[in-house]
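Source file: start.pdb (PDB, C-alpha atoms)
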ATOM      1  CA  MET A   1      84.162  97.886 111.664  1.00  0.00           C
ATOM      2  CA  ALA A   2      83.300  95.079 114.071  1.00  0.00           C
ATOM      3  CA  ALA A   3      86.296  93.032 112.901  1.00  0.00           C
ATOM      4  CA  GLU A   4      88.613  95.969 113.606  1.00  0.00           C
ATOM      5  CA  GLY A   5      87.263  96.215 117.152  1.00  0.00           C
ATOM      6  CA  ASN A   6      87.868  92.497 117.636  1.00  0.00           C
ATOM      7  CA  VAL A   7      91.450  92.866 116.440  1.00  0.00           C
ATOM      8  CA  ASP A   8      91.976  95.707 118.896  1.00  0.00           C
ATOM      9  CA  GLU A   9      90.544  93.672 121.777  1.00  0.00           C
ATOM     10  CA  VAL A  10      92.543  90.542 120.962  1.00  0.00           C
ATOM     11  CA  ALA A  11      95.789  92.485 120.390  1.00  0.00           C
ATOM     12  CA  LEU A  12      95.326  94.314 123.688  1.00  0.00           C
ATOM     13  CA  GLU A  13      94.611  91.078 125.543  1.00  0.00           C
ATOM     14  CA  ILE A  14      97.673  89.368 124.050  1.00  0.00           C
ATOM     15  CA  THR A  15      99.785  92.418 124.930  1.00  0.00           C
ATOM     16  CA  GLN A  16      98.577  92.332 128.530  1.00  0.00           C
ATOM     17  CA  ILE A  17      99.479  88.655 128.831  1.00  0.00           C
ATOM     18  CA  ILE A  18     102.834  88.802 127.029  1.00  0.00           C
ATOM     19  CA  LEU A  19     104.033  91.997 128.721  1.00  0.00           C
ATOM     20  CA  GLY A  20     103.845  90.411 132.159  1.00  0.00           C
ATOM     21  CA  MET A  21     105.559  87.176 131.120  1.00  0.00           C
ATOM     22  CA  THR A  22     108.947  86.333 132.530  1.00  0.00           C
ATOM     23  CA  LYS A  23     111.350  83.610 131.570  1.00  0.00           C
ATOM     24  CA  GLU A  24     110.678  81.005 134.243  1.00  0.00           C
ATOM     25  CA  PHE A  25     111.679  78.001 132.135  1.00  0.00           C
ATOM     26  CA  TYR A  26     114.197  77.583 129.353  1.00  0.00           C
ATOM     27  CA  MET A  27     112.872  78.550 125.963  1.00  0.00           C
ATOM     28  CA  GLU A  28     115.148  79.296 123.075  1.00  0.00           C
ATOM     29  CA  ASP A  29     114.907  82.966 121.985  1.00  0.00           C
ATOM     30  CA  PHE A  30     112.234  83.764 124.574  1.00  0.00           C
ATOM     31  CA  GLU A  31     113.040  87.485 124.703  1.00  0.00           C
ATOM     32  CA  LYS A  32     113.014  87.789 120.906  1.00  0.00           C
ATOM     33  CA  CYS A  33     109.686  85.931 120.609  1.00  0.00           C
ATOM     34  CA  ARG A  34     108.187  88.076 123.366  1.00  0.00           C
ATOM     35  CA  ARG A  35     109.409  91.316 121.797  1.00  0.00           C
ATOM     36  CA  ASP A  36     108.300  90.311 118.268  1.00  0.00           C
ATOM     37  CA  THR A  37     104.834  89.359 119.537  1.00  0.00           C
ATOM     38  CA  LEU A  38     104.446  92.706 121.301  1.00  0.00           C
ATOM     39  CA  ILE A  39     105.600  94.558 118.183  1.00  0.00           C
ATOM     40  CA  GLN A  40     103.120  92.712 115.972  1.00  0.00           C
ATOM     41  CA  CYS A  41     100.301  93.427 118.427  1.00  0.00           C
ATOM     42  CA  ALA A  42     101.232  97.124 118.381  1.00  0.00           C
ATOM     43  CA  VAL A  43     101.259  97.102 114.568  1.00  0.00           C
ATOM     44  CA  ALA A  44      97.900  95.308 114.368  1.00  0.00           C
ATOM     45  CA  ALA A  45      96.150  97.678 116.796  1.00  0.00           C
ATOM     46  CA  PRO A  46      98.397 100.730 117.168  1.00  0.00           C
ATOM     47  CA  ARG A  47      95.997 103.038 119.001  1.00  0.00           C
ATOM     48  CA  THR A  48      94.925 100.710 121.784  1.00  0.00           C
ATOM     49  CA  VAL A  49      98.215  98.869 122.261  1.00  0.00           C
ATOM     50  CA  ALA A  50     100.351 102.037 122.155  1.00  0.00           C
ATOM     51  CA  ASP A  51      98.112 103.713 124.719  1.00  0.00           C
ATOM     52  CA  TYR A  52      98.316 100.645 126.939  1.00  0.00           C
ATOM     53  CA  LEU A  53     102.109 100.308 126.635  1.00  0.00           C
ATOM     54  CA  CYS A  54     102.672 104.003 127.329  1.00  0.00           C
ATOM     55  CA  TYR A  55     100.405 103.824 130.376  1.00  0.00           C
ATOM     56  CA  GLN A  56     102.164 100.697 131.649  1.00  0.00           C
ATOM     57  CA  PHE A  57     105.580 102.328 131.224  1.00  0.00           C
ATOM     58  CA  TYR A  58     104.845 104.572 134.208  1.00  0.00           C
ATOM     59  CA  GLU A  59     103.271 101.898 136.428  1.00  0.00           C
ATOM     60  CA  ASP A  60     105.068 100.831 139.624  1.00  0.00           C
ATOM     61  CA  ASN A  61     105.158  97.082 139.009  1.00  0.00           C
ATOM     62  CA  TYR A  62     107.811  96.998 136.229  1.00  0.00           C
ATOM     63  CA  THR A  63     111.590  96.699 136.387  1.00  0.00           C
ATOM     64  CA  ILE A  64     114.013  98.897 134.473  1.00  0.00           C
ATOM     65  CA  GLY A  65     114.534  96.074 131.967  1.00  0.00           C
ATOM     66  CA  GLN A  66     110.809  95.751 131.334  1.00  0.00           C
ATOM     67  CA  ARG A  67     110.516  99.517 130.870  1.00  0.00           C
ATOM     68  CA  LEU A  68     113.354  99.426 128.337  1.00  0.00           C
ATOM     69  CA  ASP A  69     111.555  96.560 126.569  1.00  0.00           C
ATOM     70  CA  ILE A  70     108.372  98.647 126.398  1.00  0.00           C
ATOM     71  CA  LEU A  71     110.306 101.532 124.823  1.00  0.00           C
ATOM     72  CA  ASP A  72     111.969  99.127 122.378  1.00  0.00           C
ATOM     73  CA  VAL A  73     108.578  97.735 121.349  1.00  0.00           C
ATOM     74  CA  ILE A  74     107.235 101.255 120.802  1.00  0.00           C
ATOM     75  CA  VAL A  75     110.223 102.216 118.632  1.00  0.00           C
ATOM     76  CA  ASN A  76     110.052  99.066 116.515  1.00  0.00           C
ATOM     77  CA  ALA A  77     106.281  99.262 116.091  1.00  0.00           C
ATOM     78  CA  ALA A  78     106.617 102.878 114.923  1.00  0.00           C
ATOM     79  CA  ARG A  79     109.296 101.812 112.433  1.00  0.00           C
ATOM     80  CA  GLU A  80     107.119  98.974 111.190  1.00  0.00           C
ATOM     81  CA  LEU A  81     104.100 101.240 110.797  1.00  0.00           C
ATOM     82  CA  SER A  82     106.058 103.941 108.976  1.00  0.00           C
ATOM     83  CA  LYS A  83     107.736 101.520 106.577  1.00  0.00           C
ATOM     84  CA  LEU A  84     107.140 102.818 103.103  1.00  0.00           C
ATOM     85  CA  GLU A  85     106.835 100.552 100.106  1.00  0.00           C
ATOM     86  CA  LEU A  86     107.850 102.438  97.015  1.00  0.00           C
ATOM     87  CA  LYS A  87     106.897 101.300  93.534  1.00  0.00           C
ATOM     88  CA  THR A  88     108.228 102.945  90.451  1.00  0.00           C
ATOM     89  CA  PRO A  89     105.734 103.868  87.721  1.00  0.00           C
ATOM     90  CA  VAL A  90     107.302 101.268  85.422  1.00  0.00           C
ATOM     91  CA  GLU A  91     106.704  98.510  87.992  1.00  0.00           C
ATOM     92  CA  GLN A  92     103.109  99.648  88.444  1.00  0.00           C
ATOM     93  CA  ASP A  93     102.529  99.659  84.692  1.00  0.00           C
ATOM     94  CA  ASP A  94     104.013  96.168  84.363  1.00  0.00           C
ATOM     95  CA  HIS A  95     101.795  94.902  87.169  1.00  0.00           C
ATOM     96  CA  LEU A  96      98.676  96.362  85.540  1.00  0.00           C
ATOM     97  CA  LYS A  97      99.634  94.886  82.153  1.00  0.00           C
ATOM     98  CA  LYS A  98     100.163  91.440  83.680  1.00  0.00           C
ATOM     99  CA  LEU A  99      96.660  91.447  85.128  1.00  0.00           C
ATOM    100  CA  ASN A 100      95.170  91.459  81.612  1.00  0.00           C
ATOM    101  CA  MET A 101      97.656  89.056  79.989  1.00  0.00           C
ATOM    102  CA  LYS A 102      97.604  85.303  79.492  1.00  0.00           C
ATOM    103  CA  PRO A 103     100.237  83.206  81.290  1.00  0.00           C
ATOM    104  CA  TRP A 104     102.255  82.498  78.146  1.00  0.00           C
ATOM    105  CA  GLU A 105     102.304  86.224  77.293  1.00  0.00           C
ATOM    106  CA  ILE A 106     103.700  87.015  80.738  1.00  0.00           C
ATOM    107  CA  LYS A 107     106.497  84.447  80.275  1.00  0.00           C
ATOM    108  CA  VAL A 108     107.416  85.855  76.867  1.00  0.00           C
ATOM    109  CA  MET A 109     107.429  89.414  78.199  1.00  0.00           C
ATOM    110  CA  ASP A 110     109.660  88.433  81.148  1.00  0.00           C
ATOM    111  CA  ARG A 111     112.109  86.621  78.855  1.00  0.00           C
ATOM    112  CA  LEU A 112     112.264  89.632  76.543  1.00  0.00           C
ATOM    113  CA  LYS A 113     112.999  91.922  79.483  1.00  0.00           C
ATOM    114  CA  LYS A 114     115.845  89.676  80.614  1.00  0.00           C
ATOM    115  CA  LYS A 115     117.399  89.521  77.140  1.00  0.00           C
ATOM    116  CA  THR A 116     116.953  93.199  76.219  1.00  0.00           C
ATOM    117  CA  ARG A 117     119.921  95.454  76.845  1.00  0.00           C
ATOM    118  CA  ARG A 118     119.261  99.107  77.525  1.00  0.00           C
ATOM    119  CA  PHE A 119     121.940 101.717  77.114  1.00  0.00           C
ATOM    120  CA  ASN A 120     119.904 104.681  78.244  1.00  0.00           C
ATOM    121  CA  SER A 121     117.435 104.089  81.024  1.00  0.00           C
ATOM    122  CA  THR A 122     114.582 106.395  81.850  1.00  0.00           C
ATOM    123  CA  THR A 123     114.520 108.237  85.128  1.00  0.00           C
ATOM    124  CA  ARG A 124     112.325 106.440  87.597  1.00  0.00           C
ATOM    125  CA  VAL A 125     110.276 108.548  89.936  1.00  0.00           C
ATOM    126  CA  PRO A 126     109.121 106.511  92.918  1.00  0.00           C
ATOM    127  CA  MET A 127     105.424 106.499  93.636  1.00  0.00           C
ATOM    128  CA  GLY A 128     104.748 107.083  97.320  1.00  0.00           C
ATOM    129  CA  LYS A 129     102.374 105.366  99.654  1.00  0.00           C
ATOM    130  CA  GLU A 130     100.585 106.695 102.713  1.00  0.00           C
ATOM    131  CA  ASN A 131     102.549 106.432 105.943  1.00  0.00           C
ATOM    132  CA  LYS A 132     100.444 104.348 108.384  1.00  0.00           C
ATOM    133  CA  PHE A 133     102.264 105.808 111.388  1.00  0.00           C
ATOM    134  CA  ASN A 134     101.066 109.324 110.583  1.00  0.00           C
ATOM    135  CA  ALA A 135      97.527 108.627 111.784  1.00  0.00           C
ATOM    136  CA  VAL A 136      98.619 107.177 115.136  1.00  0.00           C
ATOM    137  CA  CYS A 137     101.805 109.087 116.011  1.00  0.00           C
ATOM    138  CA  GLY A 138      99.989 111.089 118.695  1.00  0.00           C
ATOM    139  CA  ASN A 139      99.083 107.868 120.511  1.00  0.00           C
ATOM    140  CA  PHE A 140     102.770 107.024 120.718  1.00  0.00           C
ATOM    141  CA  PHE A 141     104.232 110.464 121.481  1.00  0.00           C
ATOM    142  CA  TYR A 142     101.738 112.202 123.768  1.00  0.00           C
ATOM    143  CA  ALA A 143     100.962 109.112 125.808  1.00  0.00           C
ATOM    144  CA  LEU A 144     104.670 108.732 126.641  1.00  0.00           C
ATOM    145  CA  MET A 145     105.058 112.430 127.449  1.00  0.00           C
ATOM    146  CA  ASN A 146     101.946 112.486 129.613  1.00  0.00           C
ATOM    147  CA  GLN A 147     103.591 111.398 132.862  1.00  0.00           C
ATOM    148  CA  TYR A 148     107.323 111.890 132.345  1.00  0.00           C
ATOM    149  CA  ASP A 149     107.568 114.223 135.354  1.00  0.00           C
ATOM    150  CA  LYS A 150     105.485 112.014 137.664  1.00  0.00           C
ATOM    151  CA  GLU A 151     107.360 110.863 140.751  1.00  0.00           C
ATOM    152  CA  LEU A 152     107.336 107.086 141.206  1.00  0.00           C
ATOM    153  CA  ARG A 153     109.035 105.022 143.852  1.00  0.00           C
ATOM    154  CA  THR A 154     110.353 102.574 141.212  1.00  0.00           C
ATOM    155  CA  LEU A 155     111.279 105.114 138.531  1.00  0.00           C
ATOM    156  CA  ASN A 156     113.191 108.340 139.033  1.00  0.00           C
ATOM    157  CA  LEU A 157     114.020 109.710 135.594  1.00  0.00           C
ATOM    158  CA  ALA A 158     115.567 112.964 136.802  1.00  0.00           C
ATOM    159  CA  GLU A 159     118.185 111.558 139.188  1.00  0.00           C
ATOM    160  CA  GLU A 160     118.777 107.803 139.227  1.00  0.00           C
ATOM    161  CA  ASP A 161     117.370 106.227 136.067  1.00  0.00           C
ATOM    162  CA  THR A 162     119.190 108.281 133.464  1.00  0.00           C
ATOM    163  CA  LEU A 163     119.535 105.248 131.166  1.00  0.00           C
ATOM    164  CA  VAL A 164     115.753 105.007 130.963  1.00  0.00           C
ATOM    165  CA  LEU A 165     115.525 108.781 130.456  1.00  0.00           C
ATOM    166  CA  GLY A 166     117.965 108.530 127.549  1.00  0.00           C
ATOM    167  CA  ARG A 167     115.956 105.708 125.990  1.00  0.00           C
ATOM    168  CA  LEU A 168     112.738 107.661 126.522  1.00  0.00           C
ATOM    169  CA  ILE A 169     114.191 110.670 124.684  1.00  0.00           C
ATOM    170  CA  TYR A 170     115.445 108.366 121.913  1.00  0.00           C
ATOM    171  CA  THR A 171     112.002 106.759 121.636  1.00  0.00           C
ATOM    172  CA  LEU A 172     110.237 110.108 121.477  1.00  0.00           C
ATOM    173  CA  GLY A 173     112.606 111.190 118.703  1.00  0.00           C
TER     174      GLY A 173
END
Starting from the coordinates I provided, produce the structure as structure tokens.
Amino acid sequence: MAAEGNVDEVALEITQIILGMTKEFYMEDFEKCRRDTLIQCAVAAPRTVADYLCYQFYEDNYTIGQRLDILDVIVNAARELSKLELKTPVEQDDHLKKLNMKPWEIKVMDRLKKKTRRFNSTTRVPMGKENKFNAVCGNFFYALMNQYDKELRTLNLAEEDTLVLGRLIYTLG
């Protein structure tokens, strides 16, 4: 439990540093590196980083571009967290068999699989895996909706900043 708290603290600290960075000197793919780092921080500590990003979205000291970046990070982190890895039962059985086999037996089995022709294949039912985003979706959704009607001098979603409003609606979806 202590290690998880450390990850949350470090991810939040990195997010705070990276979010405020601007491209002052030439660095190849700076924006991509910045965005990927923020996404990985949000995946590593979704509750704390998502809360922080959603809170910062409504702060006065960010430009429209930075707000769009925050929304992009939230969308990509949610996609990364909800990525499902499906394994078919046959693949799971093969993996379990290989754990108890000797290396030469595994090679023989793989060669036989490559050489064997099947005319009628069995129906494969994918085995699901828990969606990691499910446990933290409220931190993403409700934190963004919390202040959408707040009047800011640098952000006016209702009248002027309709691009940001459109991206906000897209992100919430």
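Shortest atom-to-atom contact with A:Cys137 among A:Val108, A:Ala50, A:Ile64, A:Val73: A:Ala50, counting all atoms listed in the file.
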When the PyMOL selection byres ((chain A and resi 77) around 10) is applied to the structure above, which residues does it catch, written out as a PyMOL selection string? chain A and resi 36+38-44+46+50+71-76+78-83+133+140
Put those residues in a file: C-alpha atoms, as a PDB file, in the coordinates of the input.
ATOM      1  CA  ASP A  36     108.300  90.311 118.268  1.00  0.00           C
ATOM      2  CA  LEU A  38     104.446  92.706 121.301  1.00  0.00           C
ATOM      3  CA  ILE A  39     105.600  94.558 118.183  1.00  0.00           C
ATOM      4  CA  GLN A  40     103.120  92.712 115.972  1.00  0.00           C
ATOM      5  CA  CYS A  41     100.301  93.427 118.427  1.00  0.00           C
ATOM      6  CA  ALA A  42     101.232  97.124 118.381  1.00  0.00           C
ATOM      7  CA  VAL A  43     101.259  97.102 114.568  1.00  0.00           C
ATOM      8  CA  ALA A  44      97.900  95.308 114.368  1.00  0.00           C
ATOM      9  CA  PRO A  46      98.397 100.730 117.168  1.00  0.00           C
ATOM     10  CA  ALA A  50     100.351 102.037 122.155  1.00  0.00           C
ATOM     11  CA  LEU A  71     110.306 101.532 124.823  1.00  0.00           C
ATOM     12  CA  ASP A  72     111.969  99.127 122.378  1.00  0.00           C
ATOM     13  CA  VAL A  73     108.578  97.735 121.349  1.00  0.00           C
ATOM     14  CA  ILE A  74     107.235 101.255 120.802  1.00  0.00           C
ATOM     15  CA  VAL A  75     110.223 102.216 118.632  1.00  0.00           C
ATOM     16  CA  ASN A  76     110.052  99.066 116.515  1.00  0.00           C
ATOM     17  CA  ALA A  78     106.617 102.878 114.923  1.00  0.00           C
ATOM     18  CA  ARG A  79     109.296 101.812 112.433  1.00  0.00           C
ATOM     19  CA  GLU A  80     107.119  98.974 111.190  1.00  0.00           C
ATOM     20  CA  LEU A  81     104.100 101.240 110.797  1.00  0.00           C
ATOM     21  CA  SER A  82     106.058 103.941 108.976  1.00  0.00           C
ATOM     22  CA  LYS A  83     107.736 101.520 106.577  1.00  0.00           C
ATOM     23  CA  PHE A 133     102.264 105.808 111.388  1.00  0.00           C
ATOM     24  CA  PHE A 140     102.770 107.024 120.718  1.00  0.00           C
TER      25      PHE A 140
END
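The space between atom CA of A:Cys54 and atom CA of A:Leu144 spans 5.2 Å.
Relative to atom CA of A:Arg35, atom CA of A:Glu9 is found at 19.0 Å.
When atom CA of A:Cys33 is paired with atom CA of A:Ala143, their separation reads 25.3 Å.
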Rank A:Thr22, A:Gln147, A:Asn6, A:Asn100 by their smallest atom-to-atom distance to A:Gln56, using only C-alpha atoms, and report the top residue only. A:Gln147
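When only C-alpha atoms are used to measure the gap to A:Leu53, the shortest distance among A:Glu130, A:Met101, A:Met21, A:Asn139 belongs to A:Asn139.
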List the spatial neighbours of A:Tyr52 as a PyMOL selection string - criterion: any atom at most 9 Å away, only C-alpha atoms, same-chain residues fewer than 6 positions off excluded. chain A and resi 12+15-16+143
Would you kindly translate the PyMOL selection byres ((chain A and resi 58) around 8) into the concrete residues it picks from this file, as a VMD selection string? chain A and resid 54 to 57 59 to 60 147 to 148 152 155
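Each of A:Leu19, A:Asn131, A:Phe30, A:Trp104 was compared to A:Ile70 using only C-alpha atoms, and A:Leu19 turns out to be the nearest.
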